[in-house]
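> This is model.cif, which holds mmCIF, C-alpha atoms (C1' of nucleotides):
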```
data_protein
loop_
_atom_site.label_atom_id
_atom_site.label_comp_id
_atom_site.auth_asym_id
_atom_site.auth_seq_id
_atom_site.Cartn_x
_atom_site.Cartn_y
_atom_site.Cartn_z
CA MET A 1056 -27.07 -14.35 -0.64
CA GLU A 1057 -25.82 -12.72 2.48
CA ILE A 1058 -22.27 -13.93 2.08
CA ARG A 1059 -21.41 -11.56 -0.77
CA GLU A 1060 -22.61 -8.65 1.32
CA ARG A 1061 -20.42 -9.73 4.22
CA ILE A 1062 -17.39 -10.01 1.97
CA LEU A 1063 -18.00 -6.62 0.35
CA ARG A 1064 -18.39 -4.92 3.67
CA ALA A 1065 -15.24 -6.51 5.02
CA ALA A 1066 -13.39 -5.53 1.86
CA VAL A 1067 -14.22 -1.81 2.07
CA LYS A 1068 -13.36 -1.78 5.73
CA ILE A 1069 -9.95 -3.38 5.27
CA TYR A 1070 -9.27 -1.38 2.13
CA GLY A 1071 -10.02 1.83 3.98
CA GLU A 1072 -7.65 0.84 6.74
CA VAL A 1073 -4.65 -0.41 4.81
CA GLY A 1074 -5.14 0.31 1.12
CA PHE A 1075 -4.99 -1.90 -1.92
CA ARG A 1076 -1.70 -3.59 -1.24
CA GLY A 1077 -2.40 -3.99 2.44
CA ALA A 1078 -5.82 -5.49 1.92
CA THR A 1079 -4.74 -9.08 1.46
CA THR A 1080 -7.30 -11.67 0.51
CA ARG A 1081 -6.52 -13.58 3.69
CA ARG A 1082 -7.25 -10.57 5.83
CA ILE A 1083 -10.50 -9.75 4.05
CA ALA A 1084 -11.62 -13.38 4.35
CA GLU A 1085 -10.81 -13.37 8.04
CA GLU A 1086 -12.73 -10.14 8.62
CA ALA A 1087 -15.72 -11.52 6.70
CA GLU A 1088 -15.44 -14.84 8.56
CA VAL A 1089 -15.34 -16.64 5.26
CA ASN A 1090 -12.91 -19.04 3.66
CA GLU A 1091 -10.37 -17.35 1.42
CA VAL A 1092 -11.27 -19.40 -1.66
CA THR A 1093 -14.81 -18.08 -1.45
CA LEU A 1094 -13.54 -14.63 -2.37
CA PHE A 1095 -12.09 -15.93 -5.59
CA ARG A 1096 -15.10 -18.08 -6.41
CA GLN A 1097 -17.41 -15.11 -5.91
CA PHE A 1098 -15.40 -12.29 -7.41
CA GLY A 1099 -12.68 -13.86 -9.54
CA SER A 1100 -9.81 -11.73 -8.36
CA LYS A 1101 -8.76 -9.40 -5.59
CA SER A 1102 -8.96 -6.31 -7.75
CA ALA A 1103 -12.43 -7.19 -9.02
CA LEU A 1104 -13.56 -7.65 -5.44
CA LEU A 1105 -12.15 -4.36 -4.23
CA HIS A 1106 -13.48 -2.56 -7.26
CA GLU A 1107 -16.99 -3.80 -6.64
CA ALA A 1108 -16.69 -3.25 -2.91
CA VAL A 1109 -15.74 0.41 -3.17
CA HIS A 1110 -18.41 1.04 -5.79
CA ALA A 1111 -21.21 -0.76 -4.02
CA THR A 1112 -20.60 0.00 -0.38
CA GLY A 1113 -18.39 2.98 -0.71
CA LEU A 1114 -18.43 6.55 -1.75
CA PHE A 1115 -21.56 6.81 -3.80
CA ASN A 1116 -24.43 6.17 -1.50
CA TYR A 1117 -25.54 9.27 0.36
CA THR A 1118 -26.07 12.92 -0.31
CA PRO A 1119 -27.81 15.18 2.15
CA GLN A 1120 -30.60 17.25 0.65
CA LEU A 1121 -31.47 20.90 0.68
CA PRO A 1122 -35.06 22.16 0.37
CA GLU A 1123 -36.04 23.18 -3.14
CA VAL A 1124 -37.74 26.25 -1.75
CA PRO A 1125 -35.50 27.97 0.76
CA VAL A 1126 -37.03 28.25 4.20
CA ASP A 1127 -34.42 29.76 6.45
CA PRO A 1128 -31.17 30.04 4.49
CA ARG A 1129 -28.85 29.96 7.45
CA ALA A 1130 -30.67 27.09 9.11
CA ASP A 1131 -30.99 25.16 5.86
CA LEU A 1132 -27.34 25.55 5.04
CA LEU A 1133 -26.19 24.75 8.55
CA THR A 1134 -28.18 21.53 8.63
CA TRP A 1135 -26.86 20.57 5.23
CA SER A 1136 -23.28 21.43 6.15
CA LEU A 1137 -23.37 19.37 9.30
CA ALA A 1138 -24.86 16.38 7.49
CA HIS A 1139 -22.35 16.65 4.69
CA TYR A 1140 -19.53 16.96 7.19
CA ASP A 1141 -20.68 13.93 9.14
CA ASP A 1142 -20.85 11.97 5.93
CA LEU A 1143 -17.28 12.96 5.06
CA VAL A 1144 -16.07 12.03 8.53
CA ALA A 1145 -17.80 8.65 8.35
CA LYS A 1146 -16.13 7.94 5.03
CA ARG A 1147 -12.85 9.48 6.04
CA PRO A 1148 -10.65 6.39 6.02
CA LEU A 1149 -12.01 5.34 2.66
CA ILE A 1150 -11.67 8.81 1.16
CA ARG A 1151 -8.13 9.17 2.40
CA THR A 1152 -7.13 5.81 1.03
CA CYS A 1153 -8.73 6.51 -2.34
CA LEU A 1154 -7.03 9.89 -2.49
CA GLY A 1155 -3.68 8.33 -1.73
CA GLU A 1156 -4.07 5.63 -4.35
CA CYS A 1157 -6.08 7.33 -7.06
CA GLU A 1158 -3.03 7.83 -9.24
CA GLU A 1159 -1.99 4.21 -8.94
CA HIS A 1160 -5.47 2.67 -9.14
CA PRO A 1161 -7.54 5.25 -10.98
CA GLU A 1162 -10.13 2.68 -12.00
CA ILE A 1163 -11.25 2.23 -8.42
CA LEU A 1164 -12.41 5.85 -8.15
CA PRO A 1165 -14.54 6.87 -11.14
CA PRO A 1166 -14.48 10.64 -11.23
CA ALA A 1167 -18.17 11.14 -11.95
CA GLU A 1168 -21.09 10.49 -9.66
CA THR A 1169 -19.12 10.72 -6.48
CA THR A 1170 -20.59 12.19 -3.37
CA ALA A 1171 -18.45 15.26 -3.93
CA LEU A 1172 -20.03 16.09 -7.26
CA LYS A 1173 -23.56 15.42 -6.10
CA SER A 1174 -23.00 17.61 -3.07
CA LYS A 1175 -21.69 20.38 -5.21
CA GLY A 1176 -24.77 20.16 -7.43
CA THR A 1177 -27.16 20.24 -4.51
CA LEU A 1178 -25.51 23.21 -2.87
CA GLN A 1179 -25.02 25.16 -6.04
CA ALA A 1180 -28.66 24.76 -7.03
CA TYR A 1181 -29.76 25.98 -3.64
CA LEU A 1182 -27.51 29.01 -3.75
CA SER A 1183 -28.68 29.83 -7.27
CA THR A 1184 -32.24 29.78 -6.04
CA LEU A 1185 -31.31 32.12 -3.22
CA GLN A 1186 -29.69 34.41 -5.71
CA SER A 1187 -32.68 34.45 -8.04
CA LEU A 1188 -34.83 35.30 -5.04
CA GLY A 1189 -32.63 38.27 -4.35
CA LEU A 1190 -31.42 36.88 -1.05
CA LEU A 1191 -27.91 36.55 -2.37
CA ARG A 1192 -25.95 39.47 -3.73
CA ALA A 1193 -26.18 39.44 -7.50
CA ASP A 1194 -22.46 39.97 -7.98
CA VAL A 1195 -21.24 36.86 -6.21
CA ASP A 1196 -20.20 33.86 -8.25
CA VAL A 1197 -22.29 31.02 -6.91
CA SER A 1198 -19.80 28.37 -7.99
CA VAL A 1199 -17.06 30.08 -6.02
CA ALA A 1200 -19.19 30.20 -2.89
CA THR A 1201 -20.06 26.55 -3.41
CA ALA A 1202 -16.44 25.57 -3.80
CA MET A 1203 -15.51 27.49 -0.65
CA LEU A 1204 -18.08 25.85 1.55
CA THR A 1205 -17.52 22.31 0.29
CA GLY A 1206 -13.79 22.93 0.32
CA ILE A 1207 -13.55 24.03 3.91
CA LEU A 1208 -15.84 21.21 5.03
CA PHE A 1209 -13.62 18.74 3.21
CA ALA A 1210 -10.42 20.17 4.61
CA ASP A 1211 -11.78 20.21 8.15
CA ALA A 1212 -13.11 16.66 7.89
CA MET A 1213 -9.83 15.33 6.52
CA GLY A 1214 -7.43 17.29 8.69
CA ARG A 1215 -8.96 17.77 12.10
CA ASP A 1216 -7.98 14.43 13.58
CA ILE A 1217 -4.35 14.47 12.48
CA LEU A 1218 -3.59 18.18 12.81
CA PRO A 1219 -5.77 19.19 15.75
CA ASP A 1220 -3.73 22.33 16.36
CA LEU A 1221 -5.08 23.71 13.12
CA PHE A 1222 -8.60 23.82 14.48
CA GLN A 1223 -9.30 25.67 17.65
CA SER A 1224 -12.93 25.03 18.49
CA ASP A 1225 -14.90 21.81 18.22
CA ASP A 1226 -16.21 20.73 14.85
CA ARG A 1227 -19.86 21.86 15.17
CA THR A 1228 -18.82 25.31 16.32
CA SER A 1229 -16.25 25.60 13.58
CA ILE A 1230 -18.73 24.64 10.88
CA ALA A 1231 -21.22 27.24 12.04
CA ALA A 1232 -18.40 29.79 12.04
CA TYR A 1233 -17.35 28.90 8.50
CA LEU A 1234 -20.91 29.22 7.33
CA ASP A 1235 -21.48 32.54 9.04
CA LEU A 1236 -18.31 33.98 7.59
CA LEU A 1237 -19.34 32.86 4.14
CA LEU A 1238 -22.87 34.18 4.54
CA ARG A 1239 -21.53 37.54 5.58
CA ALA A 1240 -19.76 37.69 2.25
CA VAL A 1241 -22.62 36.58 0.05
CA MET A 1242 -25.92 37.54 1.67
CA ALA A 1243 -27.66 40.58 0.32
CA PRO A 1244 -28.05 43.35 2.88
CA GLU A 1245 -31.49 43.24 4.52
CA SER A 1246 -33.85 45.60 2.76
CA PRO A 1247 -36.85 46.96 4.62
CA MET B 1247 28.52 11.75 0.50
CA GLU B 1248 26.22 12.27 -2.43
CA ILE B 1249 24.92 8.72 -2.45
CA ARG B 1250 22.73 9.18 0.64
CA GLU B 1251 21.10 12.18 -0.94
CA ARG B 1252 20.34 10.21 -4.08
CA ILE B 1253 18.78 7.40 -2.08
CA LEU B 1254 16.69 9.76 0.01
CA ARG B 1255 15.40 11.59 -3.01
CA ALA B 1256 14.51 8.35 -4.74
CA ALA B 1257 12.80 7.10 -1.60
CA VAL B 1258 10.44 10.08 -1.25
CA LYS B 1259 9.64 9.94 -4.91
CA ILE B 1260 8.72 6.26 -4.91
CA TYR B 1261 6.96 6.56 -1.55
CA GLY B 1262 4.84 9.40 -2.88
CA GLU B 1263 3.92 7.33 -5.91
CA VAL B 1264 3.08 3.99 -4.35
CA GLY B 1265 3.08 4.32 -0.58
CA PHE B 1266 4.92 2.41 2.10
CA ARG B 1267 4.05 -1.08 0.99
CA GLY B 1268 4.57 -0.32 -2.67
CA ALA B 1269 7.95 1.32 -2.12
CA THR B 1270 10.07 -1.81 -2.23
CA THR B 1271 13.73 -1.59 -1.50
CA ARG B 1272 14.51 -2.97 -4.93
CA ARG B 1273 12.51 -0.26 -6.60
CA ILE B 1274 14.07 2.52 -4.54
CA ALA B 1275 17.54 1.18 -5.27
CA GLU B 1276 16.78 1.06 -8.98
CA GLU B 1277 15.47 4.63 -8.95
CA ALA B 1278 18.56 5.81 -7.09
CA GLU B 1279 20.81 3.79 -9.38
CA VAL B 1280 22.36 2.14 -6.39
CA ASN B 1281 22.76 -1.43 -5.29
CA GLU B 1282 20.01 -2.64 -3.01
CA VAL B 1283 22.36 -3.67 -0.22
CA THR B 1284 23.59 -0.10 0.00
CA LEU B 1285 20.18 0.97 1.30
CA PHE B 1286 20.49 -1.42 4.23
CA ARG B 1287 24.11 -0.59 4.91
CA GLN B 1288 23.28 3.13 4.98
CA PHE B 1289 19.92 3.15 6.74
CA GLY B 1290 19.52 -0.22 8.42
CA SER B 1291 15.96 -0.93 7.38
CA LYS B 1292 13.32 0.09 4.91
CA SER B 1293 11.22 1.89 7.49
CA ALA B 1294 14.20 3.85 8.85
CA LEU B 1295 15.03 4.91 5.32
CA LEU B 1296 11.51 6.07 4.49
CA HIS B 1297 11.19 7.80 7.82
CA GLU B 1298 14.34 9.80 7.27
CA ALA B 1299 13.46 10.43 3.63
CA VAL B 1300 10.06 11.96 4.34
CA HIS B 1301 11.45 14.03 7.19
CA ALA B 1302 14.50 15.32 5.35
CA THR B 1303 13.28 15.81 1.83
CA GLY B 1304 9.59 15.93 2.45
CA LEU B 1305 6.94 18.05 4.00
CA PHE B 1306 8.85 20.35 6.23
CA ASN B 1307 11.00 22.50 4.05
CA TYR B 1308 9.17 25.55 2.77
CA THR B 1309 6.75 28.12 3.98
CA PRO B 1310 5.93 31.23 1.99
CA GLN B 1311 6.21 34.45 3.93
CA LEU B 1312 3.94 37.41 4.49
CA PRO B 1313 5.27 40.88 5.22
CA GLU B 1314 5.34 41.80 8.89
CA VAL B 1315 3.97 45.21 8.07
CA PRO B 1316 1.03 44.91 5.68
CA VAL B 1317 1.57 46.75 2.43
CA ASP B 1318 -1.40 45.99 0.23
CA PRO B 1319 -3.52 43.38 2.01
CA ARG B 1320 -5.16 41.95 -1.09
CA ALA B 1321 -1.91 41.80 -3.03
CA ASP B 1322 0.01 40.41 -0.06
CA LEU B 1323 -2.54 37.71 0.55
CA LEU B 1324 -2.88 36.81 -3.10
CA THR B 1325 0.85 36.37 -3.49
CA TRP B 1326 0.99 34.28 -0.37
CA SER B 1327 -2.01 32.17 -1.39
CA LEU B 1328 -0.58 31.40 -4.79
CA ALA B 1329 2.78 30.46 -3.34
CA HIS B 1330 1.18 28.29 -0.68
CA TYR B 1331 -1.02 26.65 -3.29
CA ASP B 1332 1.92 25.92 -5.57
CA ASP B 1333 3.75 24.40 -2.67
CA LEU B 1334 0.80 22.14 -1.92
CA VAL B 1335 0.51 21.10 -5.55
CA ALA B 1336 4.22 20.33 -5.74
CA LYS B 1337 3.95 18.12 -2.67
CA ARG B 1338 0.60 16.69 -3.68
CA PRO B 1339 1.60 13.05 -4.22
CA LEU B 1340 3.49 12.98 -0.98
CA ILE B 1341 0.71 14.68 0.98
CA ARG B 1342 -1.90 12.35 -0.42
CA THR B 1343 0.14 9.30 0.40
CA CYS B 1344 0.85 10.49 3.93
CA LEU B 1345 -2.83 11.28 4.45
CA GLY B 1346 -3.81 7.84 3.27
CA GLU B 1347 -1.31 6.10 5.50
CA CYS B 1348 -1.16 8.34 8.54
CA GLU B 1349 -3.35 6.01 10.56
CA GLU B 1350 -1.25 3.00 9.71
CA HIS B 1351 2.16 4.68 9.92
CA PRO B 1352 1.62 7.64 12.23
CA GLU B 1353 5.32 7.87 13.05
CA ILE B 1354 6.15 8.92 9.50
CA LEU B 1355 4.11 12.13 9.81
CA PRO B 1356 4.87 13.99 13.04
CA PRO B 1357 1.93 16.28 13.67
CA ALA B 1358 3.94 19.30 14.73
CA GLU B 1359 6.12 21.47 12.55
CA THR B 1360 4.48 20.54 9.31
CA THR B 1361 4.08 23.03 6.56
CA ALA B 1362 0.39 23.20 7.37
CA LEU B 1363 0.97 24.47 10.89
CA LYS B 1364 3.63 26.94 9.88
CA SER B 1365 1.38 28.30 7.16
CA LYS B 1366 -1.45 28.71 9.59
CA GLY B 1367 0.83 30.62 11.94
CA THR B 1368 2.09 32.94 9.24
CA LEU B 1369 -1.36 33.74 7.93
CA GLN B 1370 -2.95 34.11 11.32
CA ALA B 1371 -0.28 36.53 12.46
CA TYR B 1372 -0.75 38.64 9.36
CA LEU B 1373 -4.52 38.76 9.75
CA SER B 1374 -4.19 39.67 13.40
CA THR B 1375 -1.96 42.54 12.43
CA LEU B 1376 -4.55 43.69 9.91
CA GLN B 1377 -7.18 43.51 12.59
CA SER B 1378 -5.17 45.50 15.09
CA LEU B 1379 -4.64 48.12 12.39
CA GLY B 1380 -8.39 48.37 11.98
CA LEU B 1381 -8.30 47.03 8.44
CA LEU B 1382 -10.20 43.93 9.48
CA ARG B 1383 -13.59 44.06 11.11
CA ALA B 1384 -13.18 43.67 14.83
CA ASP B 1385 -15.89 41.06 15.16
CA VAL B 1386 -14.37 38.44 12.86
CA ASP B 1387 -12.57 35.48 14.37
CA VAL B 1388 -9.15 35.53 12.80
CA SER B 1389 -8.63 31.83 13.33
CA VAL B 1390 -11.81 31.04 11.43
CA ALA B 1391 -10.77 33.19 8.50
CA THR B 1392 -7.36 31.54 8.57
CA ALA B 1393 -8.87 28.09 8.55
CA MET B 1394 -11.15 28.98 5.67
CA LEU B 1395 -8.40 30.27 3.42
CA THR B 1396 -5.95 27.46 4.14
CA GLY B 1397 -8.79 24.96 3.93
CA ILE B 1398 -10.03 25.97 0.52
CA LEU B 1399 -6.48 26.15 -0.82
CA PHE B 1400 -5.85 22.66 0.48
CA ALA B 1401 -9.10 21.28 -0.91
CA ASP B 1402 -8.47 22.82 -4.30
CA ALA B 1403 -4.88 21.63 -4.46
CA MET B 1404 -5.85 18.09 -3.52
CA GLY B 1405 -9.02 17.76 -5.55
CA ARG B 1406 -8.66 19.70 -8.74
CA ASP B 1407 -6.81 17.09 -10.74
CA ILE B 1408 -9.07 14.16 -9.90
CA LEU B 1409 -12.43 15.94 -9.76
CA PRO B 1410 -12.01 18.66 -12.35
CA ASP B 1411 -15.77 19.12 -12.67
CA LEU B 1412 -15.77 20.55 -9.18
CA PHE B 1413 -13.71 23.52 -10.25
CA GLN B 1414 -14.88 25.66 -13.10
CA SER B 1415 -12.18 28.18 -13.77
CA ASP B 1416 -8.43 27.67 -13.81
CA ASP B 1417 -6.55 27.54 -10.55
CA ARG B 1418 -5.12 31.09 -10.46
CA THR B 1419 -8.51 32.61 -11.20
CA SER B 1420 -10.18 30.42 -8.60
CA ILE B 1421 -7.70 31.34 -5.91
CA ALA B 1422 -8.20 35.04 -6.53
CA ALA B 1423 -11.95 34.47 -6.35
CA TYR B 1424 -11.68 32.60 -3.05
CA LEU B 1425 -9.61 35.36 -1.61
CA ASP B 1426 -11.92 38.11 -2.80
CA LEU B 1427 -14.94 36.36 -1.37
CA LEU B 1428 -13.20 35.98 1.95
CA LEU B 1429 -12.02 39.55 1.97
CA ARG B 1430 -15.53 40.76 1.35
CA ALA B 1431 -16.54 39.02 4.54
CA VAL B 1432 -13.72 40.23 6.74
CA MET B 1433 -12.49 43.58 5.48
CA ALA B 1434 -13.64 46.62 7.36
CA PRO B 1435 -15.72 49.00 5.29
CA GLU B 1436 -13.63 51.82 3.92
CA SER B 1437 -13.87 54.86 6.11
CA PRO B 1438 -13.19 58.29 4.68
"C1'" DC C 633 52.59 -0.85 -1.46
"C1'" DT C 634 49.39 -1.94 1.73
"C1'" DT C 635 45.51 -1.42 4.55
"C1'" DG C 636 41.03 -0.06 5.37
"C1'" DC C 637 36.56 1.22 3.71
"C1'" DA C 638 32.62 1.99 0.80
"C1'" DT C 639 30.28 0.02 -2.92
"C1'" DG C 640 28.78 -3.51 -6.38
"C1'" DA C 641 27.38 -8.18 -7.91
"C1'" DA C 642 25.20 -12.42 -7.05
"C1'" DA C 643 22.97 -15.60 -4.52
"C1'" DG C 644 19.97 -16.97 -1.18
"C1'" DC C 645 16.57 -17.19 2.88
"C1'" DA C 646 12.19 -17.35 5.11
"C1'" DG C 647 7.93 -15.55 4.83
"C1'" DG C 648 3.86 -13.56 2.53
"C1'" DC C 649 1.33 -12.90 -1.62
"C1'" DA C 650 -2.67 -13.99 -5.20
"C1'" DC C 651 -4.57 -17.75 -6.84
"C1'" DT C 652 -5.54 -22.97 -7.93
"C1'" DT C 653 -6.71 -27.71 -7.16
"C1'" DG C 654 -8.92 -31.67 -5.14
"C1'" DC C 655 -11.81 -33.09 -1.93
"C1'" DT C 656 -15.47 -33.05 1.78
"C1'" DT C 657 -19.61 -31.31 3.73
"C1'" DA C 658 -24.16 -29.00 4.04
"C1'" DT C 659 -28.33 -27.23 1.98
"C1'" DC C 660 -32.07 -27.13 -1.02
"C1'" DC C 661 -35.14 -28.52 -5.04
"C1'" DT C 662 -37.46 -32.14 -7.28
"C1'" DA D 594 -33.88 -40.63 -2.19
"C1'" DG D 595 -30.91 -38.15 -5.40
"C1'" DG D 596 -28.59 -34.60 -7.73
"C1'" DA D 597 -27.15 -29.78 -8.09
"C1'" DT D 598 -25.10 -25.88 -5.89
"C1'" DA D 599 -22.33 -23.47 -2.64
"C1'" DA D 600 -19.35 -23.39 0.93
"C1'" DG D 601 -15.26 -25.14 3.86
"C1'" DC D 602 -10.70 -27.22 4.27
"C1'" DA D 603 -5.79 -28.40 3.29
"C1'" DA D 604 -2.25 -28.25 0.39
"C1'" DG D 605 0.47 -26.36 -3.03
"C1'" DT D 606 2.02 -23.16 -7.16
"C1'" DG D 607 5.21 -19.53 -8.48
"C1'" DC D 608 6.35 -14.93 -7.52
"C1'" DC D 609 7.69 -11.02 -4.63
"C1'" DT D 610 9.20 -9.18 -0.21
"C1'" DG D 611 12.76 -7.35 3.31
"C1'" DC D 612 16.99 -8.56 4.52
"C1'" DT D 613 21.55 -11.24 4.84
"C1'" DT D 614 25.82 -13.27 3.39
"C1'" DT D 615 29.90 -13.83 0.62
"C1'" DC D 616 33.09 -12.26 -2.33
"C1'" DA D 617 35.14 -9.09 -5.72
"C1'" DT D 618 36.30 -4.27 -6.87
"C1'" DG D 619 37.83 0.53 -6.64
"C1'" DC D 620 39.99 4.13 -4.07
"C1'" DA D 621 42.04 7.11 -0.75
"C1'" DA D 622 45.21 7.54 3.46
"C1'" DG D 623 49.23 5.71 5.85
#
```
Mind turning the file's structure into structure tokens?

Amino acid sequence: MEIRERILRAAVKIYGEVGFRGATTRRIAEEAEVNEVTLFRQFGSKSALLHEAVHATGLFNYTPQLPEVPVDPRADLLTWSLAHYDDLVAKRPLIRTCLGECEEHPEILPPAETTALKSKGTLQAYLSTLQSLGLLRADVDVSVATAMLTGILFADAMGRDILPDLFQSDDRTSIAAYLDLLLRAVMAPESP
Amino acid sequence: MEIRERILRAAVKIYGEVGFRGATTRRIAEEAEVNEVTLFRQFGSKSALLHEAVHATGLFNYTPQLPEVPVDPRADLLTWSLAHYDDLVAKRPLIRTCLGECEEHPEILPPAETTALKSKGTLQAYLSTLQSLGLLRADVDVSVATAMLTGILFADAMGRDILPDLFQSDDRTSIAAYLDLLLRAVMAPESP
DNA sequence: CTTGCATGAAAGCAGGCACTTGCTTATCCT
DNA sequence: AGGATAAGCAAGTGCCTGCTTTCATGCAAG
């Protein structure tokens, strides 16, 4: 059944571009190269289709990993940050649309199990491990450091393309700079 | 001419709630308690009305200040951060909607002169002053620190209500924690 | 008092919307 | 061969959309 897949993919794409109201069944059908009635025969209604599309193809399908045993904290975190950032950028249209419509269509974005929460869990666990190994200062709140890193990655990924003046260097350089600034605040001083 | 003001205010409100497509002229007229034809007689078209509404009543009307001469850096920055955060939260529906539609209706959100850019300027100038006074480590990139603080404030303001699990303490406590973590990274060590 | 002028009320227009119906065609299983 | 299943096609339903037109009303300036 490849046709459902084609429809779902077309639906997320159009939804990400123009939102719920803009994603007309005609336009989705055209993008999927499928007759419009097929949408209704397969999914019943436009909202059911978009709901399934966002859930299946959308925001819940990828979380970069961090090693369970820290190798090189800076390198580990930089790799993770870049992967997480790239994921956010790839999903940017969809995330923006969901953000803009989450108050009107809250059912389309279930709060749990999103990429955001999984990412937070991954990062927080890693930082806790660092802290228990004594590599992180004992007096830093790991959840605050987690929120700062995910927060700045999110803000950069969402804002860079529309407010380029806010960001002075290119994205990879900026991310490394964010990370280094954060590490300077949280890393325990090297002990001999 | 109080009627224009009423229409504009109603227009931003509805636009923030339901976006461009959802903001029908009938609904705006009802919210403004005005006849629908009046919208067209006053503004010509729906898009002209929304354009003017967002520009006049919208995103470009407030920027918290920082003292030109630093008094107490932590206190100054905390006050500014809280004010900036509250401003973001107050404009949250509008910001979210604009973000979600900026690719489809780029003309409604002119990149320059937004609150975001003004805020960045204010903060960056203050931090530069701190640095030139020797209160900030000389080797930190002020623009990176600026981006981090505005970024995490933005991410928190946009995400806290829909992903509450991401944020563990209340907003005021979190903001102070962000700031303290950042200050630990950038402040010069106290010299006797 | 009259003459503009801004607004309201009501109706309507053409187009787009989600969705349905009736029918034809193609594919596959037995 | 024959029957079930899934898809395409064309047409049409009723509702909503931005926008227009026509006419009646209030109100301030001359």
> Do you have, as a Markdown table, the list of residues of chain C lying at most 10 Å from chain A, each with its nearest atom pair and that distance in Å to one decimal, counting all atoms listed in the file and ordered by chain then number?

```
| residue | atom | partner | partner_atom | distance |
| --- | --- | --- | --- | --- |
| C:DG648 | C1' | A:Thr1079 | CA | 9.8 |
| C:DC649 | C1' | A:Thr1079 | CA | 7.8 |
| C:DA650 | C1' | A:Lys1101 | CA | 7.6 |
| C:DC651 | C1' | A:Phe1095 | CA | 7.8 |
| C:DT652 | C1' | A:Val1092 | CA | 9.2 |
```
> If you keep C-alpha atoms (C1' of nucleotides), can you produce a file of those selected residues as a PDB file, keeping the file's coordinate frame?

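What ended up in result.pdb:
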```pdb
ATOM      1  C1'  DG C 648       3.860 -13.560   2.530  1.00  0.00           C
ATOM      2  C1'  DC C 649       1.330 -12.900  -1.620  1.00  0.00           C
ATOM      3  C1'  DA C 650      -2.670 -13.990  -5.200  1.00  0.00           C
ATOM      4  C1'  DC C 651      -4.570 -17.750  -6.840  1.00  0.00           C
ATOM      5  C1'  DT C 652      -5.540 -22.970  -7.930  1.00  0.00           C
TER       6       DT C 652
END
```
> What is the distance between atom CA of A:Leu1172 and atom CA of B:Leu1412, in Å to one decimal?
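Going from atom CA of A:Leu1172 over to atom CA of B:Leu1412 covers 6.5 Å.
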> If we count all atoms listed in the file, what is near A:Gln1186 at a cut-off of 9 Å, once residues fewer than 3 positions away on the same chain are taken out, given as a PyMOL selection string?
chain A and resi 1181-1183+1189-1193+1195+1197+1242-1243
> Got a sec to pull out which chain A residues are within 8 Å of chain B, counting all atoms listed in the file, and send them as an mmCIF file with C-alpha atoms, in the coordinates of the input?

```
data_model
loop_
_atom_site.group_PDB
_atom_site.id
_atom_site.type_symbol
_atom_site.label_atom_id
_atom_site.label_comp_id
_atom_site.auth_asym_id
_atom_site.auth_seq_id
_atom_site.Cartn_x
_atom_site.Cartn_y
_atom_site.Cartn_z
ATOM 1 C CA GLU A 1072 -7.650 0.840 6.740
ATOM 2 C CA VAL A 1073 -4.650 -0.410 4.810
ATOM 3 C CA GLY A 1074 -5.140 0.310 1.120
ATOM 4 C CA ARG A 1076 -1.700 -3.590 -1.240
ATOM 5 C CA GLY A 1077 -2.400 -3.990 2.440
ATOM 6 C CA PRO A 1148 -10.650 6.390 6.020
ATOM 7 C CA ARG A 1151 -8.130 9.170 2.400
ATOM 8 C CA THR A 1152 -7.130 5.810 1.030
ATOM 9 C CA CYS A 1153 -8.730 6.510 -2.340
ATOM 10 C CA LEU A 1154 -7.030 9.890 -2.490
ATOM 11 C CA GLY A 1155 -3.680 8.330 -1.730
ATOM 12 C CA GLU A 1156 -4.070 5.630 -4.350
ATOM 13 C CA CYS A 1157 -6.080 7.330 -7.060
ATOM 14 C CA GLU A 1158 -3.030 7.830 -9.240
ATOM 15 C CA GLU A 1159 -1.990 4.210 -8.940
ATOM 16 C CA PRO A 1166 -14.480 10.640 -11.230
ATOM 17 C CA ALA A 1167 -18.170 11.140 -11.950
ATOM 18 C CA ALA A 1171 -18.450 15.260 -3.930
ATOM 19 C CA LEU A 1172 -20.030 16.090 -7.260
ATOM 20 C CA LYS A 1175 -21.690 20.380 -5.210
ATOM 21 C CA VAL A 1195 -21.240 36.860 -6.210
ATOM 22 C CA SER A 1198 -19.800 28.370 -7.990
ATOM 23 C CA VAL A 1199 -17.060 30.080 -6.020
ATOM 24 C CA ALA A 1200 -19.190 30.200 -2.890
ATOM 25 C CA ALA A 1202 -16.440 25.570 -3.800
ATOM 26 C CA MET A 1203 -15.510 27.490 -0.650
ATOM 27 C CA GLY A 1206 -13.790 22.930 0.320
ATOM 28 C CA ILE A 1207 -13.550 24.030 3.910
ATOM 29 C CA PHE A 1209 -13.620 18.740 3.210
ATOM 30 C CA ALA A 1210 -10.420 20.170 4.610
ATOM 31 C CA ASP A 1211 -11.780 20.210 8.150
ATOM 32 C CA ILE A 1217 -4.350 14.470 12.480
ATOM 33 C CA LEU A 1218 -3.590 18.180 12.810
ATOM 34 C CA ASP A 1220 -3.730 22.330 16.360
ATOM 35 C CA LEU A 1221 -5.080 23.710 13.120
ATOM 36 C CA PHE A 1222 -8.600 23.820 14.480
ATOM 37 C CA GLN A 1223 -9.300 25.670 17.650
ATOM 38 C CA SER A 1229 -16.250 25.600 13.580
ATOM 39 C CA ALA A 1232 -18.400 29.790 12.040
ATOM 40 C CA TYR A 1233 -17.350 28.900 8.500
ATOM 41 C CA LEU A 1236 -18.310 33.980 7.590
ATOM 42 C CA LEU A 1237 -19.340 32.860 4.140
ATOM 43 C CA LEU A 1238 -22.870 34.180 4.540
ATOM 44 C CA ARG A 1239 -21.530 37.540 5.580
ATOM 45 C CA ALA A 1240 -19.760 37.690 2.250
ATOM 46 C CA VAL A 1241 -22.620 36.580 0.050
#
```
